[in-house]
file start-v7.csv (CSV, N, CA and C atoms and all ligand atoms)
chain,number,residue,atom,x,y,z
A,15,MET,N,-9.1,26.5,18.6
A,15,MET,CA,-8.3,25.3,18.5
A,15,MET,C,-6.8,25.5,18.9
A,16,LYS,N,-6.3,24.5,19.6
A,16,LYS,CA,-4.9,24.6,20.1
A,16,LYS,C,-3.9,24.6,18.9
A,17,GLU,N,-3.0,25.5,19.0
A,17,GLU,CA,-2.0,25.5,17.9
A,17,GLU,C,-1.0,24.3,18.0
A,18,ARG,N,-0.9,23.7,16.9
A,18,ARG,CA,0.0,22.5,16.8
A,18,ARG,C,1.2,22.8,16.0
A,19,ARG,N,2.4,22.7,16.6
A,19,ARG,CA,3.6,23.1,15.9
A,19,ARG,C,4.6,21.9,15.9
A,20,GLN,N,5.2,21.7,14.8
A,20,GLN,CA,6.2,20.7,14.8
A,20,GLN,C,7.5,21.4,14.8
A,21,VAL,N,8.5,20.8,15.6
A,21,VAL,CA,9.8,21.4,15.6
A,21,VAL,C,10.5,20.9,14.4
A,22,MET,N,11.6,21.7,14.0
A,22,MET,CA,12.4,21.3,12.9
A,22,MET,C,13.2,20.1,13.2
A,23,PRO,N,13.1,19.0,12.4
A,23,PRO,CA,13.9,17.8,12.8
A,23,PRO,C,15.4,18.1,12.6
A,24,GLN,N,16.2,17.3,13.4
A,24,GLN,CA,17.6,17.4,13.3
A,24,GLN,C,18.2,16.9,12.0
A,25,ALA,N,17.5,16.0,11.4
A,25,ALA,CA,17.9,15.4,10.1
A,25,ALA,C,16.7,15.2,9.2
A,26,VAL,N,16.9,15.5,8.0
A,26,VAL,CA,15.8,15.2,7.0
A,26,VAL,C,16.4,14.4,5.9
A,27,THR,N,15.5,13.6,5.3
A,27,THR,CA,15.8,12.9,4.1
A,27,THR,C,14.9,13.3,2.9
A,28,VAL,N,15.6,13.4,1.8
A,28,VAL,CA,14.8,13.7,0.5
A,28,VAL,C,14.7,12.4,-0.2
A,29,PHE,N,13.4,12.0,-0.3
A,29,PHE,CA,13.1,10.7,-0.9
A,29,PHE,C,12.4,11.0,-2.3
A,30,ILE,N,13.1,10.6,-3.3
A,30,ILE,CA,12.6,11.0,-4.6
A,30,ILE,C,12.3,9.8,-5.5
A,31,GLY,N,11.1,9.8,-6.1
A,31,GLY,CA,10.6,8.7,-6.9
A,31,GLY,C,9.7,9.2,-8.0
A,32,CYS,N,9.3,8.3,-8.9
A,32,CYS,CA,8.5,8.6,-10.0
A,32,CYS,C,7.0,8.7,-9.6
A,33,VAL,N,6.2,9.4,-10.4
A,33,VAL,CA,4.8,9.4,-10.2
A,33,VAL,C,4.0,8.2,-10.7
A,34,ASP,N,4.7,7.3,-11.4
A,34,ASP,CA,4.0,6.2,-12.0
A,34,ASP,C,3.2,5.4,-11.0
A,35,PRO,N,1.9,5.2,-11.2
A,35,PRO,CA,1.0,4.6,-10.2
A,35,PRO,C,1.4,3.1,-9.9
A,36,ARG,N,2.1,2.5,-10.9
A,36,ARG,CA,2.4,1.1,-10.7
A,36,ARG,C,3.5,0.9,-9.6
A,37,ILE,N,4.2,1.9,-9.2
A,37,ILE,CA,5.3,1.7,-8.2
A,37,ILE,C,5.0,2.4,-6.8
A,38,GLN,N,3.8,3.0,-6.7
A,38,GLN,CA,3.6,3.8,-5.5
A,38,GLN,C,3.6,2.9,-4.2
A,39,GLU,N,3.0,1.7,-4.3
A,39,GLU,CA,3.0,0.9,-3.1
A,39,GLU,C,4.4,0.4,-2.7
A,40,THR,N,5.2,0.1,-3.8
A,40,THR,CA,6.6,-0.3,-3.5
A,40,THR,C,7.4,0.8,-2.9
A,41,LEU,N,7.2,2.0,-3.4
A,41,LEU,CA,7.9,3.2,-2.9
A,41,LEU,C,7.6,3.3,-1.4
A,42,ASP,N,6.3,3.1,-1.1
A,42,ASP,CA,5.9,3.3,0.3
A,42,ASP,C,6.6,2.2,1.2
A,43,ARG,N,6.6,1.0,0.7
A,43,ARG,CA,7.3,-0.1,1.5
A,43,ARG,C,8.7,0.1,1.6
A,44,LEU,N,9.4,0.6,0.5
A,44,LEU,CA,10.8,1.0,0.6
A,44,LEU,C,11.0,2.0,1.7
A,45,ARG,N,10.2,3.0,1.7
A,45,ARG,CA,10.3,4.2,2.6
A,45,ARG,C,10.2,3.6,4.1
A,46,LEU,N,9.2,2.7,4.3
A,46,LEU,CA,9.1,2.2,5.7
A,46,LEU,C,10.3,1.3,6.0
A,47,ASN,N,10.8,0.6,5.0
A,47,ASN,CA,11.9,-0.3,5.2
A,47,ASN,C,13.1,0.5,5.6
A,48,LEU,N,13.2,1.7,5.1
A,48,LEU,CA,14.4,2.6,5.5
A,48,LEU,C,14.1,3.3,6.8
A,49,GLY,N,13.0,3.1,7.4
A,49,GLY,CA,12.7,3.7,8.7
A,49,GLY,C,12.3,5.2,8.6
A,50,LEU,N,11.9,5.6,7.4
A,50,LEU,CA,11.5,7.0,7.3
A,50,LEU,C,10.1,7.3,7.8
A,51,GLU,N,10.0,8.0,8.8
A,51,GLU,CA,8.7,8.3,9.4
A,51,GLU,C,8.2,9.7,9.0
A,52,TYR,N,6.9,9.9,9.0
A,52,TYR,CA,6.3,11.2,8.7
A,52,TYR,C,6.9,12.2,9.5
A,53,GLY,N,7.2,13.4,9.0
A,53,GLY,CA,7.9,14.4,9.7
A,53,GLY,C,9.4,14.5,9.6
A,54,SER,N,9.9,13.4,8.9
A,54,SER,CA,11.4,13.4,8.9
A,54,SER,C,11.9,13.3,7.4
A,55,PHE,N,10.9,13.4,6.5
A,55,PHE,CA,11.4,13.3,5.1
A,55,PHE,C,10.5,14.1,4.1
A,56,PHE,N,11.2,14.4,3.0
A,56,PHE,CA,10.4,15.1,1.9
A,56,PHE,C,10.1,14.0,0.9
A,57,ARG,N,8.9,13.9,0.6
A,57,ARG,CA,8.5,12.9,-0.5
A,57,ARG,C,8.4,13.7,-1.8
A,58,VAL,N,9.3,13.5,-2.7
A,58,VAL,CA,9.4,14.2,-3.9
A,58,VAL,C,9.0,13.2,-5.0
A,59,LEU,N,7.8,13.4,-5.6
A,59,LEU,CA,7.3,12.6,-6.6
A,59,LEU,C,7.2,13.4,-7.9
A,60,VAL,N,8.1,13.0,-8.8
A,60,VAL,CA,8.1,13.8,-10.1
A,60,VAL,C,8.3,12.8,-11.3
A,61,GLN,N,7.9,13.2,-12.4
A,61,GLN,CA,8.0,12.3,-13.6
A,61,GLN,C,9.5,11.9,-13.8
A,62,GLY,N,9.7,10.6,-13.8
A,62,GLY,CA,11.1,10.1,-13.9
A,62,GLY,C,11.9,9.9,-12.6
A,63,GLY,N,11.3,10.4,-11.5
A,63,GLY,CA,12.0,10.3,-10.2
A,63,GLY,C,13.3,10.9,-10.3
A,64,ALA,N,14.3,10.2,-9.7
A,64,ALA,CA,15.7,10.8,-9.6
A,64,ALA,C,16.3,11.1,-11.0
A,65,GLY,N,15.7,10.5,-12.0
A,65,GLY,CA,16.3,10.7,-13.3
A,65,GLY,C,15.9,12.0,-13.9
A,66,ASN,N,15.0,12.7,-13.3
A,66,ASN,CA,14.6,14.0,-13.7
A,66,ASN,C,15.5,15.1,-13.1
A,67,SER,N,16.6,15.3,-13.8
A,67,SER,CA,17.7,16.1,-13.2
A,67,SER,C,17.3,17.5,-12.8
A,68,ARG,N,16.4,18.1,-13.6
A,68,ARG,CA,16.0,19.5,-13.4
A,68,ARG,C,15.2,19.5,-12.0
A,69,GLN,N,14.2,18.6,-11.9
A,69,GLN,CA,13.4,18.6,-10.7
A,69,GLN,C,14.3,18.2,-9.5
A,70,LEU,N,15.2,17.3,-9.7
A,70,LEU,CA,16.1,16.9,-8.6
A,70,LEU,C,16.9,18.1,-8.0
A,71,ARG,N,17.5,18.9,-9.0
A,71,ARG,CA,18.2,20.1,-8.6
A,71,ARG,C,17.3,21.1,-7.9
A,72,GLU,N,16.1,21.3,-8.4
A,72,GLU,CA,15.2,22.3,-7.8
A,72,GLU,C,14.8,21.9,-6.4
A,73,HIS,N,14.5,20.6,-6.2
A,73,HIS,CA,14.0,20.2,-4.9
A,73,HIS,C,15.2,20.2,-3.9
A,74,LEU,N,16.3,19.8,-4.3
A,74,LEU,CA,17.5,19.8,-3.4
A,74,LEU,C,17.8,21.2,-3.0
A,75,SER,N,17.8,22.1,-3.9
A,75,SER,CA,18.1,23.5,-3.6
A,75,SER,C,17.1,24.1,-2.6
A,76,LEU,N,15.8,23.8,-2.8
A,76,LEU,CA,14.8,24.2,-1.8
A,76,LEU,C,15.0,23.7,-0.4
A,77,VAL,N,15.3,22.4,-0.4
A,77,VAL,CA,15.4,21.7,0.9
A,77,VAL,C,16.7,22.3,1.6
A,78,LEU,N,17.8,22.4,0.9
A,78,LEU,CA,19.0,22.9,1.5
A,78,LEU,C,19.0,24.3,1.9
A,79,SER,N,18.1,25.1,1.3
A,79,SER,CA,18.0,26.5,1.7
A,79,SER,C,17.3,26.6,3.0
A,80,ASP,N,16.4,25.7,3.3
A,80,ASP,CA,15.6,25.6,4.5
A,80,ASP,C,16.3,24.9,5.6
A,81,TYR,N,17.1,23.9,5.3
A,81,TYR,CA,17.7,22.9,6.2
A,81,TYR,C,19.2,23.0,6.2
A,82,ARG,N,19.8,24.2,6.0
A,82,ARG,CA,21.2,24.2,5.9
A,82,ARG,C,22.0,23.8,7.1
A,83,HIS,N,21.3,23.8,8.3
A,83,HIS,CA,22.0,23.5,9.5
A,83,HIS,C,21.7,22.0,10.0
A,84,GLN,N,20.9,21.4,9.2
A,84,GLN,CA,20.6,20.0,9.5
A,84,GLN,C,21.3,19.0,8.6
A,85,MET,N,21.3,17.8,9.1
A,85,MET,CA,21.9,16.7,8.3
A,85,MET,C,20.8,16.4,7.2
A,86,VAL,N,21.3,16.4,5.9
A,86,VAL,CA,20.4,16.1,4.8
A,86,VAL,C,20.9,14.9,4.1
A,87,SER,N,20.1,13.8,4.1
A,87,SER,CA,20.4,12.7,3.3
A,87,SER,C,19.4,12.5,2.2
A,88,VAL,N,19.8,11.7,1.2
A,88,VAL,CA,19.0,11.6,0.0
A,88,VAL,C,18.8,10.1,-0.4
A,89,VAL,N,17.5,9.8,-0.8
A,89,VAL,CA,17.2,8.5,-1.3
A,89,VAL,C,16.8,8.7,-2.8
A,90,LEU,N,17.6,8.1,-3.7
A,90,LEU,CA,17.3,8.3,-5.1
A,90,LEU,C,16.7,7.0,-5.7
A,91,THR,N,15.6,7.1,-6.4
A,91,THR,CA,15.1,5.9,-7.1
A,91,THR,C,14.6,6.2,-8.5
A,92,THR,N,14.8,5.2,-9.3
A,92,THR,CA,14.1,5.2,-10.6
A,92,THR,C,13.5,3.8,-10.7
A,93,HIS,N,12.8,3.6,-11.8
A,93,HIS,CA,12.1,2.3,-11.9
A,93,HIS,C,12.1,1.7,-13.3
A,94,GLU,N,11.8,0.4,-13.3
A,94,GLU,CA,11.7,-0.4,-14.5
A,94,GLU,C,10.6,0.1,-15.4
A,95,ASP,N,10.8,0.2,-16.7
A,95,ASP,CA,9.8,0.5,-17.7
A,95,ASP,C,9.2,1.9,-17.4
A,96,CYS,N,10.1,2.9,-17.1
A,96,CYS,CA,9.6,4.2,-16.8
A,96,CYS,C,9.2,4.9,-18.1
A,97,ARG,N,8.0,5.5,-18.1
A,97,ARG,CA,7.5,6.1,-19.4
A,97,ARG,C,8.2,7.5,-19.6
A,98,ALA,N,8.9,8.0,-18.7
A,98,ALA,CA,9.6,9.2,-18.9
A,98,ALA,C,11.0,9.0,-19.5
A,99,GLY,N,11.3,7.7,-19.9
A,99,GLY,CA,12.5,7.4,-20.5
A,99,GLY,C,13.7,7.3,-19.6
A,100,VAL,N,13.4,7.2,-18.3
A,100,VAL,CA,14.5,7.1,-17.3
A,100,VAL,C,14.9,5.7,-17.1
A,101,THR,N,16.1,5.4,-16.9
A,101,THR,CA,16.6,4.0,-16.7
A,101,THR,C,17.4,3.8,-15.4
A,102,LYS,N,17.9,2.7,-15.2
A,102,LYS,CA,18.7,2.4,-14.0
A,102,LYS,C,20.0,3.3,-14.1
A,103,GLU,N,20.5,3.4,-15.3
A,103,GLU,CA,21.7,4.2,-15.5
A,103,GLU,C,21.5,5.7,-15.2
A,104,SER,N,20.3,6.1,-15.3
A,104,SER,CA,20.0,7.5,-14.9
A,104,SER,C,20.4,7.8,-13.4
A,105,LEU,N,20.5,6.8,-12.7
A,105,LEU,CA,20.8,6.9,-11.2
A,105,LEU,C,22.3,7.4,-11.1
A,106,LEU,N,23.1,7.1,-12.1
A,106,LEU,CA,24.5,7.5,-12.0
A,106,LEU,C,24.6,9.0,-12.0
A,107,GLU,N,23.9,9.6,-13.0
A,107,GLU,CA,24.0,11.1,-13.1
A,107,GLU,C,23.3,11.7,-11.9
A,108,ALA,N,22.2,11.1,-11.4
A,108,ALA,CA,21.6,11.6,-10.2
A,108,ALA,C,22.5,11.6,-9.0
A,109,THR,N,23.2,10.5,-8.9
A,109,THR,CA,24.2,10.4,-7.8
A,109,THR,C,25.3,11.5,-7.9
A,110,ARG,N,25.7,11.7,-9.1
A,110,ARG,CA,26.8,12.7,-9.4
A,110,ARG,C,26.3,14.1,-8.9
A,111,ILE,N,25.0,14.4,-9.3
A,111,ILE,CA,24.5,15.7,-9.0
A,111,ILE,C,24.4,15.9,-7.5
A,112,VAL,N,23.9,14.9,-6.8
A,112,VAL,CA,23.8,15.0,-5.3
A,112,VAL,C,25.1,15.1,-4.7
A,113,ARG,N,26.1,14.3,-5.1
A,113,ARG,CA,27.4,14.4,-4.4
A,113,ARG,C,28.3,15.6,-4.9
A,114,GLU,N,28.4,15.8,-6.2
A,114,GLU,CA,29.3,16.8,-6.7
A,114,GLU,C,28.7,18.2,-6.7
A,115,GLU,N,27.4,18.3,-7.1
A,115,GLU,CA,26.9,19.7,-7.2
A,115,GLU,C,26.4,20.2,-5.8
A,116,PHE,N,25.9,19.2,-5.0
A,116,PHE,CA,25.3,19.6,-3.7
A,116,PHE,C,26.2,19.2,-2.5
A,117,GLY,N,27.2,18.5,-2.8
A,117,GLY,CA,28.1,18.1,-1.7
A,117,GLY,C,27.5,17.2,-0.6
A,118,LEU,N,26.5,16.5,-1.0
A,118,LEU,CA,25.8,15.6,0.0
A,118,LEU,C,26.4,14.2,-0.1
A,119,THR,N,26.8,13.6,1.1
A,119,THR,CA,27.5,12.3,1.0
A,119,THR,C,26.6,11.2,1.4
A,120,GLU,N,25.5,11.5,2.1
A,120,GLU,CA,24.6,10.4,2.5
A,120,GLU,C,23.6,10.1,1.4
A,121,VAL,N,23.9,9.2,0.5
A,121,VAL,CA,23.0,8.9,-0.6
A,121,VAL,C,22.8,7.4,-0.7
A,122,GLN,N,21.5,7.1,-0.8
A,122,GLN,CA,21.1,5.7,-1.0
A,122,GLN,C,20.4,5.6,-2.4
A,123,VAL,N,20.7,4.5,-3.1
A,123,VAL,CA,20.2,4.5,-4.5
A,123,VAL,C,19.5,3.1,-4.7
A,124,PHE,N,18.3,3.3,-5.2
A,124,PHE,CA,17.4,2.1,-5.5
A,124,PHE,C,16.8,2.1,-6.8
A,125,TYR,N,16.7,0.9,-7.4
A,125,TYR,CA,16.0,0.7,-8.7
A,125,TYR,C,14.8,-0.2,-8.4
A,126,ILE,N,13.6,0.4,-8.7
A,126,ILE,CA,12.3,-0.2,-8.3
A,126,ILE,C,11.9,-1.1,-9.5
A,127,LEU,N,11.5,-2.3,-9.1
A,127,LEU,CA,11.0,-3.3,-10.1
A,127,LEU,C,9.5,-3.3,-10.1
A,128,LEU,N,8.9,-3.7,-11.2
A,128,LEU,CA,7.4,-3.7,-11.3
A,128,LEU,C,6.8,-4.8,-10.5
A,129,ASN,N,7.6,-5.8,-10.1
A,129,ASN,CA,7.1,-6.9,-9.4
A,129,ASN,C,7.0,-6.6,-7.9
A,130,GLY,N,7.3,-5.4,-7.5
A,130,GLY,CA,7.1,-5.0,-6.1
A,130,GLY,C,8.4,-5.1,-5.3
A,131,SER,N,9.5,-5.5,-6.0
A,131,SER,CA,10.8,-5.5,-5.2
A,131,SER,C,11.7,-4.3,-5.7
A,132,TRP,N,12.9,-4.3,-5.1
A,132,TRP,CA,13.8,-3.2,-5.5
A,132,TRP,C,15.2,-3.7,-5.4
A,133,GLU,N,16.1,-3.1,-6.1
A,133,GLU,CA,17.6,-3.4,-6.0
A,133,GLU,C,18.2,-2.3,-5.4
A,134,SER,N,19.1,-2.6,-4.4
A,134,SER,CA,19.9,-1.6,-3.7
A,134,SER,C,21.2,-1.5,-4.4
A,135,LEU,N,21.5,-0.3,-4.9
A,135,LEU,CA,22.7,-0.1,-5.8
A,135,LEU,C,23.8,0.7,-5.0
A,136,SER,N,25.0,0.4,-5.4
A,136,SER,CA,26.1,1.3,-4.8
A,136,SER,C,27.0,1.7,-6.0
A,137,LEU,N,27.6,2.8,-5.8
A,137,LEU,CA,28.5,3.4,-6.8
A,137,LEU,C,29.9,2.8,-6.6
A,138,SER,N,30.5,2.1,-7.6
A,138,SER,CA,31.8,1.6,-7.5
A,138,SER,C,32.8,2.7,-7.6
A,139,PRO,N,34.1,2.4,-7.2
A,139,PRO,CA,35.1,3.5,-7.3
A,139,PRO,C,35.3,3.9,-8.8
A,140,GLU,N,35.1,3.0,-9.7
A,140,GLU,CA,35.2,3.4,-11.1
A,140,GLU,C,34.0,4.2,-11.6
A,141,GLY,N,33.0,4.4,-10.8
A,141,GLY,CA,31.9,5.2,-11.2
A,141,GLY,C,30.8,4.5,-11.9
A,142,SER,N,30.7,3.2,-11.7
A,142,SER,CA,29.5,2.5,-12.3
A,142,SER,C,28.7,2.0,-11.1
A,143,LEU,N,27.4,1.7,-11.4
A,143,LEU,CA,26.5,1.2,-10.4
A,143,LEU,C,26.6,-0.3,-10.4
A,144,LYS,N,26.5,-0.9,-9.2
A,144,LYS,CA,26.5,-2.3,-9.1
A,144,LYS,C,25.5,-2.8,-8.1
B,201,ZN,ZN,8.4,6.5,-14.3
call {"tool": "encode", "arguments": {"input": "start-v7.csv", "output": "structure tokens"}}
result
Amino acid sequence: MKERRQVMPQAVTVFIGCVDPRIQETLDRLRLNLGLEYGSFFRVLVQGGAGNSRQLREHLSLVLSDYRHQMVSVVLTTHEDCRAGVTKESLLEATRIVREEFGLTEVQVFYILLNGSWESLSLSPEGSLK
């Protein structure tokens, strides 16, 4: 069989969401909406999504150790009625971790709703999500 090798992409995105089965289709549509193609992103599915600070840190550390010369951007999501106790507000701490602890500036933040839609959030200068 011919060896098939993928080159390292110039830029990668870490896309983090919850494992809850109710939101998987929405996560996939969001991913496509953001233009994230296979081979260009890490799909990180963990309990609580971006609100799982320990997993967020672990995965970001792993990606950054492999891709330190590439552009790394991050998509943070949490969702409505998360059984892991994570809320929309958890995205604030997640954003802080990404920006302050990892020094990454390309961050997009989304709150997934159970009706299949999502809210795009941004961090205000006062440090709250809107
Ligand atoms: Zn959840």
call {"tool": "closest_residue", "arguments": {"input": "start-v7.csv", "among": "A:Leu70, A:Ala25, A:Leu127, A:Ala108", "to": "A:His93", "atoms": "only C-alpha atoms"}}
result
A:Leu127
call {"tool": "select_by_dssp", "arguments": {"input": "start-v7.csv", "residues": "stretch 45-95 of chain A", "states": "alpha helix (DSSP H)", "output": "list in words"}}
result
Arg45, Leu46, Asn47, Ser67, Arg68, Gln69, Leu70, Arg71, Glu72, His73, Leu74, Ser75, Leu76, Val77, Leu78, Ser79 and Asp80 of chain A
call {"tool": "closest_atom_pairs", "arguments": {"input": "start-v7.csv", "of": "chain A", "to": "ligand ZN 201 (chain B)", "cutoff": "6.5 Å", "atoms": "all atoms listed in the file", "output": "tab-separated table"}}
result
residue	atom	partner	partner_atom	distance
A:Cys32	CA	B:ZN201	ZN	4.8
A:Val33	N	B:ZN201	ZN	5.3
A:Asp34	N	B:ZN201	ZN	4.8
A:Gln61	C	B:ZN201	ZN	5.5
A:Gly62	N	B:ZN201	ZN	4.3
A:Gly63	N	B:ZN201	ZN	5.6
A:His93	N	B:ZN201	ZN	5.8
A:Asp95	C	B:ZN201	ZN	5.6
A:Cys96	CA	B:ZN201	ZN	3.6
A:Arg97	N	B:ZN201	ZN	3.9
A:Ala98	N	B:ZN201	ZN	4.7
A:Gly99	N	B:ZN201	ZN	6.4
A:Val100	N	B:ZN201	ZN	6.4
call {"tool": "closest_residue", "arguments": {"input": "start-v7.csv", "among": "A:Tyr125, A:Ser79, A:Gln69, A:Gly130", "to": "A:Thr101", "atoms": "only N, CA and C atoms"}}
result
A:Tyr125
call {"tool": "atom_distance", "arguments": {"input": "start-v7.csv", "atom1": "atom C of A:Ala64", "atom2": "atom N of A:Lys102"}}
result
9.5 Å
call {"tool": "atom_distance", "arguments": {"input": "start-v7.csv", "atom1": "atom N of A:Leu59", "atom2": "atom CA of A:Gln20"}}
result
21.7 Å
call {"tool": "select_by_dssp", "arguments": {"input": "start-v7.csv", "residues": "stretch 33-72 of chain A", "states": "strand (DSSP E or B)", "output": "PyMOL selection string"}}
result
chain A and resi 55-59
